[in-house]
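Read the structure below first, then the notes.
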Amino acid sequence: MEENRPILSMEHITKTYPGVIALNNVSVSFARGEIHALVGENGAGKSTLIKIITGAVEPDNGIIRFDEKEFSKMHPNEARKMGIEAIYQEYNLIDCLSAAENICLGKKMGRFVNQQAMAAVAKEIFERFHINIDPRTPVSDLTSAKMQIVEIAKAVSKGARLLIMDEPTAPLTVSEIDILMDIIAQLKADGVTILYISHRMDEIFRIADRVSVFRDGQYVVTRQVCDTNRAQLIADMVGRTLSESYPKRKNAPGDVAIELRNLTGNGVKNISFSARKGEVVGLAGLVGAGRSEIMKVVYGAEKKQWGEIYINGTPAEIRCPRDAMKYGIGLVPEDRKREGCFLMESIQWNILISNVENISRASVVDIGKEKKIASEYRERLRIRTPSIQQKVLNLSGGNQQKVVIAKALAANTDIIIFDEPTRGIDVGAKHEIYELMNDLCAEGKCIIMVTSDMEELLGMSDRIVVLHEREMSGEISREEFSQERVLDLASGGD
Amino acid sequence: MDKQAMGADKWSRFFKDYFMYVVLIILVVFFSVRSQNFLTPSNLLNVVNQSAYQIVVGVGIAFIMLSGAIDLSTGYQISTLSVIAGVLLTKTSIPYGWVIAVILVLGVLLSLVNGVLYVTFDTFPFMITLATQYILWGISFMISNSATFTPLPAGFKMLGQGYIGPIPIAILIMVIIVIIGAFLLNKTYFGRYVYGLGSNQTAIELAGVKTRRLKLIIFAMAGLFTALGTIMLVSRSGSSSSTMGPGMEFTIIAGCMLGGIKMGGGGGKISSVVIGLLILTVLSNGMQLMQLGTYPQKIALGIVLLVAIGLDVFQSKTALKTAKKVAGEPPAKADKKDSTLSSR
Ligand SMILES: Nc1ncnc2c1ncn2[C@@H]1O[C@H](COP(=O)(O)OP(=O)(O)OP(=O)(O)O)[C@@H](O)[C@H]1O
Ligand SMILES: [Mg+2]
């Protein structure tokens with residue numbers, strides 16, 4: 001009997017923020033030992049729900065029942081003691097500490113700091129999951145995928161009984177996702193209950209036992225994964241049926257807009273490819289293959305060692321992002337929290353910051369114009385917020401990402417580098433962004449897209465350039481597109 | 001929608017925005033009751049007049065702090081500039097108009113030295129400005145030989161002591177500088193960049209802003225305001241010496257923070273500088289009128305600052321709490337963003 005009782009149930013949970021009902025009378029329960037997925041559009045309330053479970057946020061109303069114990073609100077220490085651990089959507093590692101120190105934070109390991117013991121703990125976990133990270137590396141030197149793995153290791157090392165993962169695969173590529181899926185399977189076999197939030201449908205069908213859908217702060221339904229399908233889940237999420245196919249581009253590619261010749265810098269060597277106006281070139285590779293790194297060189301954020309960049313056929317000297325913008329290059333950076341957002345500033349402020357000089361007259365910002373442009377992007381990208389004066393900090397993860405995209409688009413450049421553009425974005429809004437990219441192409445703009453999402457890569461690109469270990473390993477034309485081909489090149493084959 | 005929660009939130013926002021105004025009013029009421037000399041037009045004008053030069057310097061410091069930096073050498077910049085002004089005004093026959101121009105240029109240059117070191121070392125300028133402070137300390141006393149320079153030309157003294165109609169010239173200058181500062185910060189894209197630099201340097205660079213140049217401009221501007229403040233101070237006191245200025249940096253930084261200037265983005269206006277420094281001046285003026293001794297005054301000042309920190313932490317607690325709990329045990333960097341007085 002014990003087995004059938006839920007480990008955790010939430011009853012009539014309500015949580016409001018000024019102008020927003022994040023959760024409205026939500027009741028949902030999670031069975032012992034299951035992998036339970038939570039899905040819903042951006043701002044549906046998923047992250048809020050898990051923050052209530054861990055005690056990071058207090059509900060206005062409702063009951064939390066964990067292991068037959070009742071709480072009107074959870075306290076973080078209590079939650080941790082009972083074995084509730086969470087990996088949040090935003091990183092919570094301390095940059096200047098090493099991987100091992102981060103993992104062992106808050107753990108009792110004797111009276112003094114013992115580097116060796118900590119390294120041993122970290123090493124054991126990394127080995128258990130077959131991951132190659134030096135425990136002594138400072139977190140700031142790790143790639144975002146490895147940071148994510150450190151986060152997971154941190155939660156695992158604390159002996160979690162209920163492990164909550166909020167979009168853990170967002171920064172990962174296919175092979176790392178495989179590693180993560182193995183870790184999750186192992187944890188499940190050890191009897192850990194897992195709450196899993198993701199916008200990637202295939203993952204849910206791959207690992208979850210049950211899935212609960214949220215829409216606009218409301219609980220919609222819980223389904224057995226084996227009894228449902230993608231279309232049904234998406235319909236549950238958005239409240240209507242939605243075509244999931246990639247929108248077709250009608251325009252033909254024009255002249256070459258940007259060409260890299262043996263571009264070398266930021267640890268990446270000899271990258272040569274070109275992209276035409278009205279074309280999407282996908283950049284594929286494993287995490288750490290050097291995709292974002294070389295794009296930073298193109299954008300002038302990192303130093304070029306040698307090689308050339310040609311814009312519209314003439315060599316361009318790009319030494320800083322400002323130069324790149326003058327040449328008409330824009331960037332949607334990979335890491336929204338570190339490189340993309342000004343969390344403490346408003347949505348409107350954020351969207352226009354790259355373009356604020358152009359909407360100024362005699363240095364004075366035209367606030368009216370600013371409001372108008374920001375509102376347009378809010379509509380277009382469906383940024384869910386009561387007001388564009390809202391601080392970006394208060395937005396849900398996916399909505400923050402939309403702000404970062406809007407910021408790059410508002411700069412109105414001819415060549416746009418999208419680095420993981422749809423990270424954390426829900427299915428509906430993703431479609432919107434793909435349409436938007438197509439519109440940009442139709443206007444004759446050139447898009448370079450770095451993405452770890454295989455479907456998106458194959459669905460949106462006209463050509464795919466693949467990197468392997470910081471060098472180029474091949475280029476694939478549309479006719480030869482296949483997941484196998486990409487993975488083959490990405491892992492160094494040819 | 002939960003009405004009560006909404007109401008509570010509005011309240012806390014109001015509290016946050018106008019908290020220091022309330023503190024100022026409480027202080028004014030308190031001193032009015034304790035001393036009948038306090039609430040007289042001449043004394044109130046005196047209070048504003050006293051803080052005028054501090055506010056002028058404070059506007060520049062606010063730009064530095066909002067951009068995520070700090071300058072500890074302001075006090076000795078004032079000291080050095082004031083003795084140079086003293087020498088030029090009393091030992092040479094250079095017209096005071098030229099002296100003012102020279103001091104303004106020197107002020108920009110002194111602060112630019114800090115700025116250049118800041119962008120060269122590319123580190124939080126705490127140690128840098130601590131070091132330049134010692135250098136200026138030495139220079140100031142070597143120039144002055146601990147002497148006091150007096151008398152100053154009457155025309156020069158007008159700036160700090162003169163009136164246009166019923167209004168002291170110093171207050172007029174202060175108002176003009178406050179308006180310029182607020183205009184730059186709120187209306188121009190330069191102001192956006194200052195806030196952006198403070199809240200996320202990487203992101204502002206990627207947004208196409210040349211941050212090194214921006215930092216230099218900010219320091220140069222602060223230097224200009226510091227020099228102007230120095231001229232007002234010297235002119236007001238009618239003499240100059242090396243002891244004018246040192247310690248001022250803390251008053252001004254404290255005033256800025258008290259008013260709500262945040263380091264690392266997220267807020268603070270020029271009105272914060274005015275309100276913060278007015279509070280400090282009202283406090284010292286009121287205590288003088290109550291005939292508190294110098295040292296008890298210091299103790300009271302310290303206590304008031306501590307109380308202000310406490311209240312500030314308390315009022316930003318809600319925001320803090322969420323951030324902390326999300327981050328778990330480790331005190332993540334972002335945690336303190338909402339607290340003005342305790343940041344960095
Ligand atoms: N601190 C806050 N202040 C104001 N509103 C907030 C705050 N935190 C969350 N919200 C709002 O609550 C709603 C739910 O947010 P939540 O983060 O739970 O969404 P989510 O389902 O996790 O979305 P995503 O898929 O984008 O991560 C959003 O509309 C968000 O704007
Ligand atoms: Mg979320």
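All residue names refer to the structure tokens as shown: chains lettered A, B, ... in order, residues numbered from 1 in each chain, ligands numbered from 1 in order.
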When the cut-off is 7 Å and we count only C-alpha atoms, which residues of chain A are near chain B, given as a list of chain:residue names?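 Result: A:Pro18, A:Ala56, A:Val57, A:Pro76, A:Asn92, A:Ile94, A:Gly106, A:Ala301, A:Pro321, A:Arg322, A:Met325, A:Arg338, A:Glu339, A:Gly340, A:Cys341, A:Phe342, A:Met344, A:Glu345, A:Ile353, A:Ser354, A:Val356, A:Glu357, A:Ser363, A:Val364, A:Val365.
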Return as a PyMOL selection string the residues of protein, DNA or RNA that approach ligand 1 to within 9 Å, with only C-alpha atoms and all ligand atoms taken into account. (chain A and resi 15-23+38-51+89+166-167+197-199+214-217+383-386+390-401+424-426) or (chain B and resi 319+322)
I need the residues of stretch 13-236 of chain B that end up classed as strand (DSSP E) by DSSP on the backbone, written out as a ChimeraX atom specification. /B:163-164,167-168
Contacts of B:Trp137 within 10 Å, only C-alpha atoms, excl. fewer than 5 positions in-chain, as a ChimeraX atom specification: /B:73,75-77,79-80,131-132,142,242-243,246
Output file for the residues above (C-alpha atoms, as a PDB file, in the first residue's frame):
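The result, written out as result_21.pdb:
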ATOM      1  CA  SER B  73      40.330  59.483  -3.250  1.00  0.00           C
ATOM      2  CA  GLY B  75      38.611  63.746  -0.226  1.00  0.00           C
ATOM      3  CA  TYR B  76      42.249  64.217  -1.106  1.00  0.00           C
ATOM      4  CA  GLN B  77      41.384  65.345  -4.605  1.00  0.00           C
ATOM      5  CA  SER B  79      42.402  68.786  -0.591  1.00  0.00           C
ATOM      6  CA  THR B  80      44.944  68.945  -3.407  1.00  0.00           C
ATOM      7  CA  ALA B 131      46.492  54.146  -3.365  1.00  0.00           C
ATOM      8  CA  THR B 132      45.999  57.376  -5.293  1.00  0.00           C
ATOM      9  CA  MET B 142      53.921  69.153   0.123  1.00  0.00           C
ATOM     10  CA  SER B 242      45.196  70.725   2.970  1.00  0.00           C
ATOM     11  CA  THR B 243      42.803  69.659   5.692  1.00  0.00           C
ATOM     12  CA  PRO B 246      39.843  64.526   3.643  1.00  0.00           C
TER      13      PRO B 246
END
Extract the full set of alpha helix (DSSP H) residues from stretch 37-173 of chain A according to DSSP on the backbone, and format it as a PyMOL selection string. chain A and resi 46-54+76-81+99-104+115-128+144-157
Can you tell me, as a list in words, what residues are no more than 8 Å from B:Leu104 when counting only C-alpha atoms, ignoring any on the same chain fewer than 5 positions away? Gly223, Leu224, Ala227 and Leu228 of chain B
Could you turn the residues from that selection into a file that holds all heavy atoms, as a PDB file, in the first residue's frame?
ATOM      1  N   GLY B 223      35.373  64.116 -11.919  1.00  0.00           N
ATOM      2  CA  GLY B 223      36.468  65.020 -11.582  1.00  0.00           C
ATOM      3  C   GLY B 223      36.054  66.474 -11.756  1.00  0.00           C
ATOM      4  O   GLY B 223      36.375  67.330 -10.934  1.00  0.00           O
ATOM      5  N   LEU B 224      35.321  66.729 -12.815  1.00  0.00           N
ATOM      6  CA  LEU B 224      34.849  68.090 -13.080  1.00  0.00           C
ATOM      7  C   LEU B 224      33.952  68.568 -11.935  1.00  0.00           C
ATOM      8  O   LEU B 224      34.111  69.680 -11.418  1.00  0.00           O
ATOM      9  CB  LEU B 224      34.090  68.119 -14.398  1.00  0.00           C
ATOM     10  CG  LEU B 224      33.604  69.487 -14.851  1.00  0.00           C
ATOM     11  CD1 LEU B 224      34.789  70.372 -15.207  1.00  0.00           C
ATOM     12  CD2 LEU B 224      32.661  69.361 -16.044  1.00  0.00           C
ATOM     13  N   ALA B 227      35.934  69.210  -8.769  1.00  0.00           N
ATOM     14  CA  ALA B 227      36.648  70.480  -8.831  1.00  0.00           C
ATOM     15  C   ALA B 227      35.697  71.641  -8.590  1.00  0.00           C
ATOM     16  O   ALA B 227      36.004  72.568  -7.834  1.00  0.00           O
ATOM     17  CB  ALA B 227      37.326  70.626 -10.191  1.00  0.00           C
ATOM     18  N   LEU B 228      34.517  71.561  -9.183  1.00  0.00           N
ATOM     19  CA  LEU B 228      33.533  72.626  -8.981  1.00  0.00           C
ATOM     20  C   LEU B 228      33.141  72.702  -7.509  1.00  0.00           C
ATOM     21  O   LEU B 228      33.072  73.787  -6.918  1.00  0.00           O
ATOM     22  CB  LEU B 228      32.303  72.356  -9.858  1.00  0.00           C
ATOM     23  CG  LEU B 228      31.235  73.434  -9.859  1.00  0.00           C
ATOM     24  CD1 LEU B 228      31.803  74.775 -10.264  1.00  0.00           C
ATOM     25  CD2 LEU B 228      30.086  73.046 -10.803  1.00  0.00           C
TER      26      LEU B 228
END
How many Å separate atom CA of A:Asp335 from atom CA of A:Asn266?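 Atom CA of A:Asp335 sits 17.0 Å away from atom CA of A:Asn266.
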Restricting the calculation to only C-alpha atoms and all ligand atoms: of A:Arg161, A:His468, A:Ala170, A:Ile149, which residue gets closest to ligand 2?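 Checking each of A:Arg161, A:His468, A:Ala170, A:Ile149 against ligand 2, counting only C-alpha atoms and all ligand atoms, the winner is A:Ala170.
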When distances are computed from only C-alpha atoms, which of A:Met181, A:Ile351, A:Ile258, A:Leu409 shows the smallest separation from A:Tyr327?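 Ranked by minimum distance to A:Tyr327, first place goes to A:Ile258.
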Selection near B:Leu24, 9 Å with only C-alpha atoms, sequence-local residues under 5 positions removed, as a PyMOL selection string: chain B and resi 19+29+275-276+278-279+282
Fewer than 5 positions away in the same chain doesn't count, so skip those; otherwise give me all residues within 9 Å of A:Ser175, counting only C-alpha atoms, as a list in words.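 Near A:Ser175, the qualifying residues are Leu180, Leu286, Val287 and Leu487 of chain A.
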Pick out the residues sitting within 12 Å of B:Phe124, and hand them over as a list in words; count only C-alpha atoms, and ignore anything fewer than 3 positions along from it in its own chain.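 Once the adjacent positions are removed, what remains is Ile64, Met65, Ser67, Gly68, Ala69, Ile70, Asp71, Leu72, Asn114, Gly115, Leu117, Tyr118, Val119, Thr120, Phe121, Met127, Ile128, Thr129, Leu130, Gly198, Lys215, Met263, Gly264 and Arg344 of chain B.
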Separation of atom CA of B:Val234 and atom CA of B:Val274, in Å?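 Distance reported for this atom pair: 20.7 Å.
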Between atom CA of A:Val121 and atom CA of A:Ala100 - distance in Å to one decimal: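 Here the two named atoms are 7.4 Å from each other.
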